[in-house]
$ cat query-v9.cif   # mmCIF, C-alpha atoms
data_start
#
loop_
_atom_site.group_PDB
_atom_site.id
_atom_site.type_symbol
_atom_site.label_atom_id
_atom_site.label_comp_id
_atom_site.auth_asym_id
_atom_site.auth_seq_id
_atom_site.Cartn_x
_atom_site.Cartn_y
_atom_site.Cartn_z
ATOM 1 C CA MET A 71 249.520 112.732 71.034
ATOM 2 C CA LYS A 72 252.209 111.130 73.185
ATOM 3 C CA THR A 73 255.332 109.587 71.663
ATOM 4 C CA TYR A 74 256.684 106.174 72.617
ATOM 5 C CA VAL A 75 259.802 104.463 71.295
ATOM 6 C CA ILE A 76 259.655 100.650 71.164
ATOM 7 C CA THR A 77 262.606 98.393 70.380
ATOM 8 C CA GLY A 78 261.594 95.045 68.971
ATOM 9 C CA GLY A 79 258.547 96.997 67.879
ATOM 10 C CA THR A 80 257.478 94.823 64.936
ATOM 11 C CA ASP A 81 257.119 91.489 66.741
ATOM 12 C CA GLY A 82 255.516 89.982 69.816
ATOM 13 C CA ILE A 83 254.984 92.284 72.782
ATOM 14 C CA GLY A 84 256.479 95.269 70.964
ATOM 15 C CA ALA A 85 254.098 94.993 68.008
ATOM 16 C CA ALA A 86 251.082 94.418 70.265
ATOM 17 C CA LEU A 87 251.993 97.521 72.252
ATOM 18 C CA ALA A 88 252.541 99.607 69.113
ATOM 19 C CA ARG A 89 249.107 98.639 67.784
ATOM 20 C CA THR A 90 247.475 99.571 71.062
ATOM 21 C CA LEU A 91 249.236 102.924 71.199
ATOM 22 C CA PHE A 92 248.473 104.136 67.675
ATOM 23 C CA SER A 93 244.937 102.758 67.915
ATOM 24 C CA ARG A 94 244.232 104.990 70.890
ATOM 25 C CA GLY A 95 245.808 108.128 69.390
ATOM 26 C CA ASP A 96 249.473 107.984 70.391
ATOM 27 C CA ARG A 97 252.618 107.789 68.271
ATOM 28 C CA ALA A 98 254.602 104.530 68.232
ATOM 29 C CA VAL A 99 258.167 104.763 66.958
ATOM 30 C CA MET A 100 259.087 101.158 66.237
ATOM 31 C CA ILE A 101 262.679 99.963 65.900
ATOM 32 C CA GLY A 102 263.257 96.611 64.209
ATOM 33 C CA THR A 103 265.318 94.721 61.675
ATOM 34 C CA ASN A 104 262.635 93.726 59.164
ATOM 35 C CA PRO A 105 261.447 96.547 56.846
ATOM 36 C CA ASP A 106 258.506 94.504 55.528
ATOM 37 C CA LYS A 107 257.098 94.109 59.036
ATOM 38 C CA GLY A 108 257.699 97.797 59.675
ATOM 39 C CA GLU A 109 255.884 98.816 56.515
ATOM 40 C CA ARG A 110 252.915 96.593 57.347
ATOM 41 C CA LEU A 111 252.537 98.106 60.797
ATOM 42 C CA THR A 112 252.874 101.690 59.571
ATOM 43 C CA ALA A 113 250.251 100.957 56.901
ATOM 44 C CA GLU A 114 248.019 99.487 59.588
ATOM 45 C CA ALA A 115 248.370 102.716 61.553
ATOM 46 C CA ALA A 116 247.396 104.951 58.606
ATOM 47 C CA PRO A 117 243.630 104.983 59.336
ATOM 48 C CA ALA A 118 244.125 104.995 63.113
ATOM 49 C CA PRO A 119 243.786 108.130 65.256
ATOM 50 C CA GLY A 120 247.446 107.886 66.209
ATOM 51 C CA ASP A 121 250.639 107.522 64.225
ATOM 52 C CA ALA A 122 253.445 105.029 63.646
ATOM 53 C CA ALA A 123 256.990 105.329 62.346
ATOM 54 C CA PHE A 124 259.517 102.590 61.647
ATOM 55 C CA ILE A 125 263.300 102.717 61.964
ATOM 56 C CA GLN A 126 265.320 99.826 60.582
ATOM 57 C CA ALA A 127 268.373 99.075 62.683
ATOM 58 C CA ASP A 128 270.647 96.370 64.005
ATOM 59 C CA LEU A 129 270.717 97.173 67.696
ATOM 60 C CA GLY A 130 273.264 94.416 68.179
ATOM 61 C CA LEU A 131 275.784 96.939 66.845
ATOM 62 C CA VAL A 132 276.802 99.782 69.135
ATOM 63 C CA SER A 133 277.444 102.027 66.141
ATOM 64 C CA ASP A 134 273.952 101.446 64.733
ATOM 65 C CA THR A 135 272.340 101.960 68.122
ATOM 66 C CA ARG A 136 274.152 105.283 68.452
ATOM 67 C CA ARG A 137 272.919 106.240 64.977
ATOM 68 C CA VAL A 138 269.328 105.448 65.975
ATOM 69 C CA VAL A 139 269.652 107.421 69.202
ATOM 70 C CA ASP A 140 270.857 110.484 67.296
ATOM 71 C CA MET A 141 268.078 110.095 64.713
ATOM 72 C CA ILE A 142 265.301 109.801 67.285
ATOM 73 C CA ALA A 143 266.610 112.600 69.473
ATOM 74 C CA GLY A 144 266.756 114.870 66.432
ATOM 75 C CA GLU A 145 263.274 113.950 65.196
ATOM 76 C CA TYR A 146 261.322 113.886 68.477
ATOM 77 C CA PRO A 147 262.094 116.694 70.936
ATOM 78 C CA ALA A 148 259.872 115.127 73.612
ATOM 79 C CA ILE A 149 259.472 111.403 74.261
ATOM 80 C CA ASP A 150 256.961 110.129 76.804
ATOM 81 C CA GLY A 151 258.242 106.587 77.084
ATOM 82 C CA VAL A 152 260.870 104.130 75.871
ATOM 83 C CA VAL A 153 259.977 100.419 75.943
ATOM 84 C CA LEU A 154 262.934 98.079 75.475
ATOM 85 C CA CYS A 155 261.812 94.710 74.093
ATOM 86 C CA ALA A 156 264.361 93.684 71.456
ATOM 87 C CA ARG A 157 266.163 90.372 71.809
ATOM 88 C CA PHE A 158 267.493 87.668 69.513
ATOM 89 C CA MET A 159 268.449 84.306 70.980
ATOM 90 C CA ARG A 160 271.090 81.901 69.692
ATOM 91 C CA SER A 161 271.816 78.316 70.650
ATOM 92 C CA ARG A 162 275.481 78.863 69.804
ATOM 93 C CA ARG A 163 277.648 81.723 70.919
ATOM 94 C CA SER A 164 277.952 84.474 68.346
ATOM 95 C CA VAL A 165 280.144 87.567 68.265
ATOM 96 C CA THR A 166 279.182 90.813 66.528
ATOM 97 C CA ALA A 167 281.376 92.636 64.028
ATOM 98 C CA GLU A 168 282.372 94.927 66.901
ATOM 99 C CA GLY A 169 283.596 92.012 69.002
ATOM 100 C CA PHE A 170 280.777 91.659 71.548
ATOM 101 C CA GLU A 171 278.864 88.497 72.401
ATOM 102 C CA SER A 172 275.482 88.942 70.736
ATOM 103 C CA ASN A 173 273.256 88.732 73.844
ATOM 104 C CA PHE A 174 275.521 91.128 75.703
ATOM 105 C CA ALA A 175 275.401 93.558 72.775
ATOM 106 C CA LEU A 176 271.669 93.479 72.012
ATOM 107 C CA PHE A 177 270.111 92.609 75.345
ATOM 108 C CA TYR A 178 272.333 94.863 77.458
ATOM 109 C CA LEU A 179 274.473 97.397 75.586
ATOM 110 C CA SER A 180 271.706 98.617 73.263
ATOM 111 C CA ARG A 181 269.362 99.094 76.212
ATOM 112 C CA LEU A 182 271.971 101.080 78.085
ATOM 113 C CA LEU A 183 272.705 103.294 75.081
ATOM 114 C CA LEU A 184 269.015 103.964 74.414
ATOM 115 C CA SER A 185 268.283 104.634 78.085
ATOM 116 C CA TYR A 186 270.978 107.263 78.450
ATOM 117 C CA GLY A 187 270.958 108.484 74.855
ATOM 118 C CA LEU A 188 267.268 109.439 74.905
ATOM 119 C CA LEU A 189 267.388 111.038 78.338
ATOM 120 C CA GLY A 190 267.202 114.572 76.891
ATOM 121 C CA PRO A 191 263.932 114.103 74.971
ATOM 122 C CA LEU A 192 262.482 112.075 77.843
ATOM 123 C CA GLU A 193 263.123 114.922 80.266
ATOM 124 C CA GLN A 194 260.980 117.196 78.069
ATOM 125 C CA ALA A 195 257.865 115.063 78.637
ATOM 126 C CA GLU A 196 255.447 115.504 81.525
ATOM 127 C CA ARG A 197 255.786 112.042 83.127
ATOM 128 C CA PRO A 198 258.457 110.127 81.208
ATOM 129 C CA VAL A 199 259.293 106.484 81.810
ATOM 130 C CA ILE A 200 261.672 103.819 80.542
ATOM 131 C CA VAL A 201 260.323 100.260 80.684
ATOM 132 C CA ASN A 202 263.050 97.657 80.298
ATOM 133 C CA VAL A 203 261.407 94.314 79.469
ATOM 134 C CA ALA A 204 264.192 92.088 80.749
ATOM 135 C CA GLY A 205 262.905 89.666 83.398
ATOM 136 C CA PRO A 206 264.152 91.319 86.610
ATOM 137 C CA GLY A 207 265.002 89.664 89.886
ATOM 138 C CA HIS A 208 266.512 86.378 88.723
ATOM 139 C CA ASP A 209 269.248 85.173 91.073
ATOM 140 C CA THR A 210 271.757 84.110 88.409
ATOM 141 C CA PRO A 211 275.200 85.234 89.661
ATOM 142 C CA VAL A 212 277.039 87.843 87.631
ATOM 143 C CA ALA A 213 280.217 86.282 86.228
ATOM 144 C CA TRP A 214 282.418 89.335 86.585
ATOM 145 C CA ASP A 215 285.363 87.656 84.880
ATOM 146 C CA ASP A 216 283.232 86.402 81.964
ATOM 147 C CA LEU A 217 280.378 88.814 81.279
ATOM 148 C CA GLN A 218 280.241 87.718 77.648
ATOM 149 C CA SER A 219 280.099 83.948 78.210
ATOM 150 C CA SER A 220 283.362 83.175 76.446
ATOM 151 C CA ARG A 221 284.336 80.174 78.571
ATOM 152 C CA HIS A 222 281.114 78.185 78.534
ATOM 153 C CA TYR A 223 278.143 79.402 76.524
ATOM 154 C CA ASP A 224 274.625 78.312 77.376
ATOM 155 C CA LEU A 225 271.685 80.205 75.895
ATOM 156 C CA VAL A 226 269.489 80.141 78.988
ATOM 157 C CA HIS A 227 272.319 81.113 81.325
ATOM 158 C CA ALA A 228 273.454 83.893 78.986
ATOM 159 C CA MET A 229 269.937 85.336 78.853
ATOM 160 C CA PHE A 230 269.495 85.179 82.627
ATOM 161 C CA MET A 231 272.873 86.759 83.318
ATOM 162 C CA THR A 232 272.277 89.515 80.780
ATOM 163 C CA GLY A 233 268.948 90.125 82.510
ATOM 164 C CA ARG A 234 270.920 90.660 85.718
ATOM 165 C CA LEU A 235 273.008 93.269 83.927
ATOM 166 C CA ASN A 236 269.808 95.111 83.029
ATOM 167 C CA ASP A 237 268.799 95.062 86.709
ATOM 168 C CA LEU A 238 272.088 96.789 87.545
ATOM 169 C CA LEU A 239 271.639 99.210 84.622
ATOM 170 C CA GLY A 240 268.363 100.283 86.198
ATOM 171 C CA VAL A 241 270.048 100.802 89.567
ATOM 172 C CA THR A 242 272.773 103.020 88.123
ATOM 173 C CA PHE A 243 270.351 105.003 85.962
ATOM 174 C CA ALA A 244 268.074 105.681 88.939
ATOM 175 C CA GLU A 245 271.001 106.706 91.147
ATOM 176 C CA ARG A 246 272.297 109.149 88.550
ATOM 177 C CA HIS A 247 268.982 110.571 87.332
ATOM 178 C CA GLY A 248 266.456 109.754 90.059
ATOM 179 C CA ALA A 249 266.150 113.411 91.003
ATOM 180 C CA GLY A 250 264.857 114.147 87.508
ATOM 181 C CA PRO A 251 261.488 113.292 85.973
ATOM 182 C CA VAL A 252 262.388 109.994 84.269
ATOM 183 C CA ARG A 253 261.257 106.819 86.054
ATOM 184 C CA TYR A 254 263.027 103.529 85.310
ATOM 185 C CA VAL A 255 260.959 100.334 85.405
ATOM 186 C CA LEU A 256 262.256 96.774 85.053
ATOM 187 C CA PHE A 257 259.452 94.587 83.732
ATOM 188 C CA HIS A 258 258.955 90.820 83.596
ATOM 189 C CA PRO A 259 256.233 89.750 81.119
ATOM 190 C CA GLY A 260 256.187 86.120 82.219
ATOM 191 C CA THR A 261 256.039 83.322 79.663
ATOM 192 C CA THR A 262 254.612 84.905 76.536
ATOM 193 C CA ALA A 263 254.143 83.657 72.974
ATOM 194 C CA THR A 264 256.449 86.174 71.328
ATOM 195 C CA SER A 265 258.189 85.580 68.014
ATOM 196 C CA TYR A 266 261.096 83.807 69.771
ATOM 197 C CA ALA A 267 263.389 85.377 67.204
ATOM 198 C CA GLY A 268 266.707 83.615 67.001
ATOM 199 C CA GLU A 269 268.901 80.867 65.613
ATOM 200 C CA PHE A 270 268.376 77.524 67.318
ATOM 201 C CA ASP A 271 269.543 73.951 67.190
ATOM 202 C CA PRO A 272 266.736 71.429 66.519
ATOM 203 C CA GLN A 273 266.289 70.487 70.187
ATOM 204 C CA THR A 274 265.974 74.095 71.345
ATOM 205 C CA ALA A 275 263.655 74.970 68.446
ATOM 206 C CA ALA A 276 261.344 72.085 69.352
ATOM 207 C CA TYR A 277 261.295 73.131 73.006
ATOM 208 C CA LEU A 278 260.465 76.739 72.116
ATOM 209 C CA ARG A 279 257.644 75.669 69.811
ATOM 210 C CA GLN A 280 256.156 73.729 72.701
ATOM 211 C CA GLN A 281 256.583 76.684 75.062
ATOM 212 C CA ARG A 282 254.951 79.024 72.575
ATOM 213 C CA MET A 283 251.883 76.816 72.327
ATOM 214 C CA MET A 284 251.388 76.940 76.103
ATOM 215 C CA ALA A 285 252.264 80.598 76.629
ATOM 216 C CA LYS A 286 249.878 83.518 76.886
ATOM 217 C CA PRO A 287 249.459 85.832 73.874
ATOM 218 C CA PRO A 288 251.373 89.131 73.766
ATOM 219 C CA THR A 289 248.114 91.064 74.093
ATOM 220 C CA ASP A 290 247.828 89.772 77.678
ATOM 221 C CA VAL A 291 250.972 91.730 78.559
ATOM 222 C CA ILE A 292 249.622 95.052 77.290
ATOM 223 C CA PRO A 293 247.404 96.015 80.286
ATOM 224 C CA PRO A 294 250.261 95.983 82.845
ATOM 225 C CA LEU A 295 252.534 97.745 80.359
ATOM 226 C CA LEU A 296 249.972 100.474 79.706
ATOM 227 C CA ARG A 297 249.531 100.986 83.428
ATOM 228 C CA LEU A 298 253.251 101.732 83.731
ATOM 229 C CA LEU A 299 253.263 104.044 80.711
ATOM 230 C CA ASP A 300 250.128 105.940 81.682
ATOM 231 C CA ASP A 301 250.880 106.191 85.386
ATOM 232 C CA PRO A 302 254.605 105.693 86.018
ATOM 233 C CA PRO A 303 255.549 104.668 89.562
ATOM 234 C CA ALA A 304 256.786 107.396 91.888
ATOM 235 C CA PRO A 305 260.171 105.873 92.903
ATOM 236 C CA PRO A 306 263.115 106.349 90.536
ATOM 237 C CA LEU A 307 263.483 102.570 90.126
ATOM 238 C CA THR A 308 260.823 99.860 90.345
ATOM 239 C CA ALA A 309 260.427 96.309 89.078
ATOM 240 C CA PHE A 310 257.293 94.356 88.198
ATOM 241 C CA ASN A 311 256.269 90.871 87.177
ATOM 242 C CA LEU A 312 253.162 91.848 85.218
ATOM 243 C CA PHE A 313 251.117 93.687 87.896
ATOM 244 C CA ALA A 314 253.076 92.394 90.914
ATOM 245 C CA GLU A 315 255.781 94.717 92.252
ATOM 246 C CA LEU A 316 259.177 93.200 93.077
ATOM 247 C CA ASN A 317 261.680 94.239 95.732
ATOM 248 C CA VAL A 318 264.501 96.345 94.263
ATOM 249 C CA HIS A 319 266.294 96.721 97.591
ATOM 250 C CA SER A 320 267.736 93.211 97.758
ATOM 251 C CA LYS A 321 271.348 92.216 97.061
ATOM 252 C CA LEU A 322 270.355 91.497 93.454
ATOM 253 C CA PHE A 323 270.130 95.271 92.952
ATOM 254 C CA SER A 324 273.391 96.177 94.689
ATOM 255 C CA PRO A 325 274.524 99.763 94.010
ATOM 256 C CA GLN A 326 278.135 98.628 94.376
ATOM 257 C CA ASP A 327 277.681 95.937 91.742
ATOM 258 C CA ALA A 328 275.869 98.423 89.525
ATOM 259 C CA GLU A 329 278.741 100.893 89.727
ATOM 260 C CA ARG A 330 281.249 98.123 89.032
ATOM 261 C CA LEU A 331 279.345 97.091 85.917
ATOM 262 C CA SER A 332 279.080 100.690 84.776
ATOM 263 C CA GLY A 333 282.859 101.111 84.955
ATOM 264 C CA ILE A 334 283.461 97.937 82.941
ATOM 265 C CA THR A 335 280.862 98.948 80.360
ATOM 266 C CA ASP A 336 282.250 102.440 79.922
ATOM 267 C CA LYS A 337 285.670 101.002 79.072
ATOM 268 C CA LEU A 338 284.194 98.568 76.549
ATOM 269 C CA LEU A 339 282.114 101.224 74.820
ATOM 270 C CA ALA A 340 285.028 103.663 74.675
ATOM 271 C CA ASP A 341 286.768 101.309 72.263
ATOM 272 C CA VAL A 342 283.890 101.321 69.749
ATOM 273 C CA THR A 343 284.052 104.007 67.111
ATOM 274 C CA GLY A 344 281.021 105.326 65.288
#
$ encode --input "query-v9.cif" --output "structure tokens"
Amino acid sequence: MKTYVITGGTDGIGAALARTLFSRGDRAVMIGTNPDKGERLTAEAAPAPGDAAFIQADLGLVSDTRRVVDMIAGEYPAIDGVVLCARFMRSRRSVTAEGFESNFALFYLSRLLLSYGLLGPLEQAERPVIVNVAGPGHDTPVAWDDLQSSRHYDLVHAMFMTGRLNDLLGVTFAERHGAGPVRYVLFHPGTTATSYAGEFDPQTAAYLRQQRMMAKPPTDVIPPLLRLLDDPPAPPLTAFNLFAELNVHSKLFSPQDAERLSGITDKLLADVTG
């Protein structure tokens, strides 16, 4: 039985992946905010050949993400894969109790903390992989003087720019740990009918309902995800749009930019206790 950790594991792509994994005999460790959804999925896994566990957490908080990392690392000495799906969109800018813009905190900081925090258990697996579901390769410029969209907040722009930060996270991770066994994959699922979890103004909510009706179901994303989990790519860093591989050697994946972001992030995280 292989063990996979899935953030956003009770909705959309994360839930579809968890079902597939425990149905085929693997263990899915699902992280989410809603205990009722977690209980339903773990109950669904009870008669399956595999296993499921649920961890309730607010990954928008650095302190809670660190707690989850410590819990998982203590419970599972070997982890075969980490799949980062969690996101929560807001039409209006929101700041967490720790002072971070919410997209920056959930969509970037939590993914960084889980990537590095679970490195030890990942290195104990035979062919470990991190799959960061973040929409790689978008050419939105990184606003170095406003990474948290404090001057002018726009939901779409904030999501695209935070996706760019995940691209650079992958670059830095691969540079630091590429000689080890863990592969880092940036993954774009395309337009998918996920839960679209968030808080929206009426216009945005109506647009997302329309998008959801036209989008493909989350189950359509599972085959390319399973391919990456079952047979991780050889290079330390790769990026895919479903089955199509993307170029990670363009200026969008600049090692200099990645190191710059890492330095900024380290200073921000150093100020968070817990």
$ residues_around --input "query-v9.cif" --residues "Gly190 of chain A" --least-positions-apart "2" --cutoff "9 Å" --atoms "all atoms listed in the file" --output "list in words"
Ala143, Pro147, Ala148, Ile149, Tyr186, Gly187, Leu188, Leu192, Glu193 and Gln194 of chain A
$ resolve_selection --input "query-v9.cif" --expression "the PyMOL selection byres ((chain A and resi 294) around 12)" --output "VMD selection string"
chain A and resid 83 87 201 203 255 257 to 260 288 to 293 295 to 302 309 to 315
$ closest_residue --input "query-v9.cif" --among "A:Arg163, A:Arg136, A:Arg221, A:Arg330" --to "Arg181 of chain A" --atoms "all atoms listed in the file"
A:Arg136
$ atom_distance --input "query-v9.cif" --atom1 "atom CA of Asn173 of chain A" --atom2 "atom CA of Ser219 of chain A"
9.4 Å
$ residues_around --input "query-v9.cif" --residues "Ala304 of chain A" --least-positions-apart "2" --cutoff "10 Å" --atoms "all atoms listed in the file" --output "ChimeraX atom specification"
/A:197,251-254,301-302,306-308
$ resolve_selection --input "query-v9.cif" --expression "the PyMOL selection byres ((chain A and resi 72) around 12)" --output "number ranges by chain"
A: 71, 73-75, 91-92, 94-99, 119-122, 146-152, 192, 194-198, 299-300
$ residues_around --input "query-v9.cif" --residues "Thr242 of chain A" --least-positions-apart "5" --cutoff "10 Å" --atoms "all atoms listed in the file" --output "ChimeraX atom specification"
/A:236-237,247-248,307,323-332
$ resolve_selection --input "query-v9.cif" --expression "the PyMOL selection byres ((chain A and resi 101) around 10)" --output "list in words"
Val75, Ile76, Thr77, Gly78, Gly79, Thr80, Gly84, Ala98, Val99, Met100, Gly102, Thr103, Asn104, Pro105, Gly108, Ala123, Phe124, Ile125, Gln126, Ala127, Asp128, Leu129, Val138, Leu154, Cys155 and Ala156 of chain A
$ closest_atom_pairs --input "query-v9.cif" --of "segment 106-138 of chain A" --to "segment 166-171 of chain A" --cutoff "12 Å" --atoms "only C-alpha atoms" --output "JSON lines"
{"residue": "A:Asp128", "atom": "CA", "partner": "A:Thr166", "partner_atom": "CA", "distance": 10.5}
{"residue": "A:Leu129", "atom": "CA", "partner": "A:Thr166", "partner_atom": "CA", "distance": 10.7}
{"residue": "A:Gly130", "atom": "CA", "partner": "A:Thr166", "partner_atom": "CA", "distance": 7.1}
{"residue": "A:Leu131", "atom": "CA", "partner": "A:Glu168", "partner_atom": "CA", "distance": 6.9}
{"residue": "A:Val132", "atom": "CA", "partner": "A:Glu168", "partner_atom": "CA", "distance": 7.7}
{"residue": "A:Ser133", "atom": "CA", "partner": "A:Glu168", "partner_atom": "CA", "distance": 8.7}
{"residue": "A:Asp134", "atom": "CA", "partner": "A:Glu168", "partner_atom": "CA", "distance": 10.9}
$ closest_residue --input "query-v9.cif" --among "A:Leu238, A:Gln273, A:Gln281, A:Phe243" --to "Ser320 of chain A" --atoms "all atoms listed in the file"
A:Leu238
$ atom_distance --input "query-v9.cif" --atom1 "atom CA of Val199 of chain A" --atom2 "atom CA of Met229 of chain A"
23.9 Å
$ closest_residue --input "query-v9.cif" --among "A:His227, A:His222, A:Leu256, A:Asp271" --to "Gly207 of chain A" --atoms "all atoms listed in the file"
A:Leu256
$ atom_distance --input "query-v9.cif" --atom1 "atom CA of Thr210 of chain A" --atom2 "atom CA of Gly233 of chain A"
8.9 Å
$ closest_residue --input "query-v9.cif" --among "A:Ile334, A:Ala88, A:Leu339, A:Val139" --to "Trp214 of chain A" --atoms "only C-alpha atoms"
A:Ile334
$ closest_residue --input "query-v9.cif" --among "A:Gln280, A:Lys321, A:Gly240, A:Val226" --to "Asp209 of chain A" --atoms "all atoms listed in the file"
A:Lys321
$ closest_residue --input "query-v9.cif" --among "A:Thr343, A:Ser164, A:Ser185, A:Ser93" --to "Ser220 of chain A" --atoms "only C-alpha atoms"
A:Ser164
$ axis_aligned_box --input "query-v9.cif" --around "segment 221-234 of chain A" --padding-each-side "3 Å" --output "AutoDock Vina command-line options"
--center_x 276.6 --center_y 84.4 --center_z 80.8 --size_x 21.4 --size_y 18.5 --size_z 15.8
$ decode --input "query-v9.cif" --residues "segment 226-243 of chain A" --atoms "N, CA, C and O atoms" --output "mmCIF file, in the first residue's frame"
data_model
loop_
_atom_site.group_PDB
_atom_site.id
_atom_site.type_symbol
_atom_site.label_atom_id
_atom_site.label_comp_id
_atom_site.auth_asym_id
_atom_site.auth_seq_id
_atom_site.Cartn_x
_atom_site.Cartn_y
_atom_site.Cartn_z
ATOM 1 N N VAL A 226 -8.513 37.205 -10.512
ATOM 2 C CA VAL A 226 -7.850 36.448 -11.579
ATOM 3 C C VAL A 226 -6.365 36.734 -11.597
ATOM 4 O O VAL A 226 -5.533 35.819 -11.680
ATOM 5 N N HIS A 227 -5.997 38.015 -11.496
ATOM 6 C CA HIS A 227 -4.574 38.367 -11.512
ATOM 7 C C HIS A 227 -3.858 37.777 -10.301
ATOM 8 O O HIS A 227 -2.734 37.264 -10.412
ATOM 9 N N ALA A 228 -4.495 37.830 -9.138
ATOM 10 C CA ALA A 228 -3.875 37.280 -7.931
ATOM 11 C C ALA A 228 -3.637 35.781 -8.067
ATOM 12 O O ALA A 228 -2.592 35.262 -7.645
ATOM 13 N N MET A 229 -4.584 35.071 -8.654
ATOM 14 C CA MET A 229 -4.422 33.627 -8.840
ATOM 15 C C MET A 229 -3.309 33.326 -9.837
ATOM 16 O O MET A 229 -2.482 32.433 -9.617
ATOM 17 N N PHE A 230 -3.267 34.078 -10.936
ATOM 18 C CA PHE A 230 -2.220 33.841 -11.934
ATOM 19 C C PHE A 230 -0.837 34.153 -11.356
ATOM 20 O O PHE A 230 0.120 33.416 -11.583
ATOM 21 N N MET A 231 -0.728 35.261 -10.628
ATOM 22 C CA MET A 231 0.583 35.617 -10.096
ATOM 23 C C MET A 231 1.029 34.615 -9.034
ATOM 24 O O MET A 231 2.205 34.236 -8.971
ATOM 25 N N THR A 232 0.082 34.163 -8.204
ATOM 26 C CA THR A 232 0.452 33.163 -7.206
ATOM 27 C C THR A 232 0.851 31.858 -7.871
ATOM 28 O O THR A 232 1.717 31.133 -7.381
ATOM 29 N N GLY A 233 0.220 31.546 -9.019
ATOM 30 C CA GLY A 233 0.667 30.393 -9.800
ATOM 31 C C GLY A 233 2.118 30.538 -10.239
ATOM 32 O O GLY A 233 2.878 29.565 -10.231
ATOM 33 N N ARG A 234 2.500 31.764 -10.634
ATOM 34 C CA ARG A 234 3.895 32.011 -10.995
ATOM 35 C C ARG A 234 4.831 31.747 -9.818
ATOM 36 O O ARG A 234 5.944 31.227 -9.998
ATOM 37 N N LEU A 235 4.396 32.095 -8.625
ATOM 38 C CA LEU A 235 5.220 31.844 -7.447
ATOM 39 C C LEU A 235 5.422 30.345 -7.234
ATOM 40 O O LEU A 235 6.500 29.904 -6.813
ATOM 41 N N ASN A 236 4.404 29.558 -7.546
ATOM 42 C CA ASN A 236 4.552 28.103 -7.449
ATOM 43 C C ASN A 236 5.528 27.569 -8.494
ATOM 44 O O ASN A 236 6.260 26.607 -8.236
ATOM 45 N N ASP A 237 5.538 28.177 -9.694
ATOM 46 C CA ASP A 237 6.539 27.795 -10.692
ATOM 47 C C ASP A 237 7.941 27.979 -10.116
ATOM 48 O O ASP A 237 8.813 27.101 -10.246
ATOM 49 N N LEU A 238 8.168 29.131 -9.486
ATOM 50 C CA LEU A 238 9.496 29.429 -8.935
ATOM 51 C C LEU A 238 9.799 28.558 -7.722
ATOM 52 O O LEU A 238 10.962 28.187 -7.493
ATOM 53 N N LEU A 239 8.772 28.209 -6.941
ATOM 54 C CA LEU A 239 8.956 27.246 -5.846
ATOM 55 C C LEU A 239 9.496 25.934 -6.388
ATOM 56 O O LEU A 239 10.424 25.345 -5.820
ATOM 57 N N GLY A 240 8.915 25.463 -7.486
ATOM 58 C CA GLY A 240 9.387 24.218 -8.084
ATOM 59 C C GLY A 240 10.826 24.306 -8.531
ATOM 60 O O GLY A 240 11.612 23.353 -8.365
ATOM 61 N N VAL A 241 11.215 25.448 -9.091
ATOM 62 C CA VAL A 241 12.598 25.640 -9.543
ATOM 63 C C VAL A 241 13.559 25.537 -8.372
ATOM 64 O O VAL A 241 14.576 24.817 -8.429
ATOM 65 N N THR A 242 13.263 26.267 -7.290
ATOM 66 C CA THR A 242 14.151 26.252 -6.131
ATOM 67 C C THR A 242 14.214 24.870 -5.490
ATOM 68 O O THR A 242 15.297 24.387 -5.113
ATOM 69 N N PHE A 243 13.071 24.220 -5.353
ATOM 70 C CA PHE A 243 13.051 22.881 -4.756
ATOM 71 C C PHE A 243 13.921 21.926 -5.570
ATOM 72 O O PHE A 243 14.723 21.161 -5.012
#
